[in-house]
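Student: Before I ask anything, let me first share the structure, which is written out below as structure tokens.
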Amino acid sequence: QVRPMESGGGLVQPGGSLRLSCAASGFNLDYYAVGWFRQAPGKGREGVSCIRSSDGSTYYADSVKGRFTISRDSAENTVFLQMNSLKPEDTAVYYCAVDPKFRTVQAMCAVTAVESVDMWGQGTLVTVSS
């Protein structure tokens, strides 16, 4: 099954930075809405940031505004999530989601049900701890 692949997770101290990557093989991310979601232990999956290549629109959850930046590289067919000033509450498994049907980034990032998105990556763990 074709699916996006995340990388870049790891252990970082509070205040540190990480960059996550969502790479696609076999399909062009420029034709899809792409989102980063996260799921902490015992909690539901939440939209962190989403991007649509067709109009360049982006969305950020209030909890990450000013700290996280989503971007894309068409040549690499990859979407990145730069995470700065990380906090312990950012600890979670981060998933890349890809779907062509969402007309707005707000709609995509509002998704809470896994079945509402066409493709999910396998997830990458981010742990923020001293």
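Residues are named by chain letter and number: chains run A, B, ... in the order of the structure tokens, numbers start at 1 in each chain, and ligands are numbered from 1 in the order shown.
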DSSP on the backbone: what in region 1-97 of chain A comes out helix (DSSP H, G or I), as a tab-separated table (two decimals) with C-alpha atoms, in the first residue's frame?
Tutor:
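Generated output (states.tsv):
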chain	number	residue	atom	x	y	z
A	29	LEU	CA	2.44	15.63	-2.71
A	30	ASP	CA	1.78	18.82	-4.68
A	31	TYR	CA	-1.66	17.43	-5.55
A	88	PRO	CA	7.28	18.38	27.36
A	89	GLU	CA	3.62	18.59	26.31
A	90	ASP	CA	4.73	18.24	22.67
Student: For Thr69 (chain A), work out the shell of residues within 9 Å, counting only C-alpha atoms and skipping chain neighbours fewer than 4 positions away, then give it as a PyMOL selection string.
Tutor: chain A and resi 49+60+64-65+80-84
Student: Using C-alpha atoms, can you write the selected residues to a file as a PDB file, in the first residue's frame?
Tutor:
ATOM      1  CA  SER A  49      -0.323  21.800  11.159  1.00  0.00           C
ATOM      2  CA  TYR A  60      -1.399  25.794  12.864  1.00  0.00           C
ATOM      3  CA  VAL A  64       2.109  25.355  18.315  1.00  0.00           C
ATOM      4  CA  LYS A  65       1.678  28.779  16.684  1.00  0.00           C
ATOM      5  CA  PHE A  80       8.650  19.296   6.647  1.00  0.00           C
ATOM      6  CA  LEU A  81       7.621  20.309  10.154  1.00  0.00           C
ATOM      7  CA  GLN A  82      10.224  22.463  11.878  1.00  0.00           C
ATOM      8  CA  MET A  83       9.601  22.351  15.614  1.00  0.00           C
ATOM      9  CA  ASN A  84      11.318  24.908  17.819  1.00  0.00           C
TER      10      ASN A  84
END
Student: Suppose you want the space between CA of Val93 (chain A) and CA of Ser116 (chain A); what is it in Å?
Tutor: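 Here the two named atoms are 18.5 Å from each other.
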Student: Using CA of Val126 (chain A) and CA of Val34 (chain A) as the two end points, give the distance in Å to one decimal.
Tutor: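 It comes out at 19.1 Å.
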Student: Could you pull out the strand (DSSP E or B) residues of chain A, going by DSSP on the backbone, and write them as a ChimeraX atom specification?
Tutor: /A:5-7,10-12,18-23,33-39,46-52,58-60,68-73,78-83,92-99,119-120,124-128
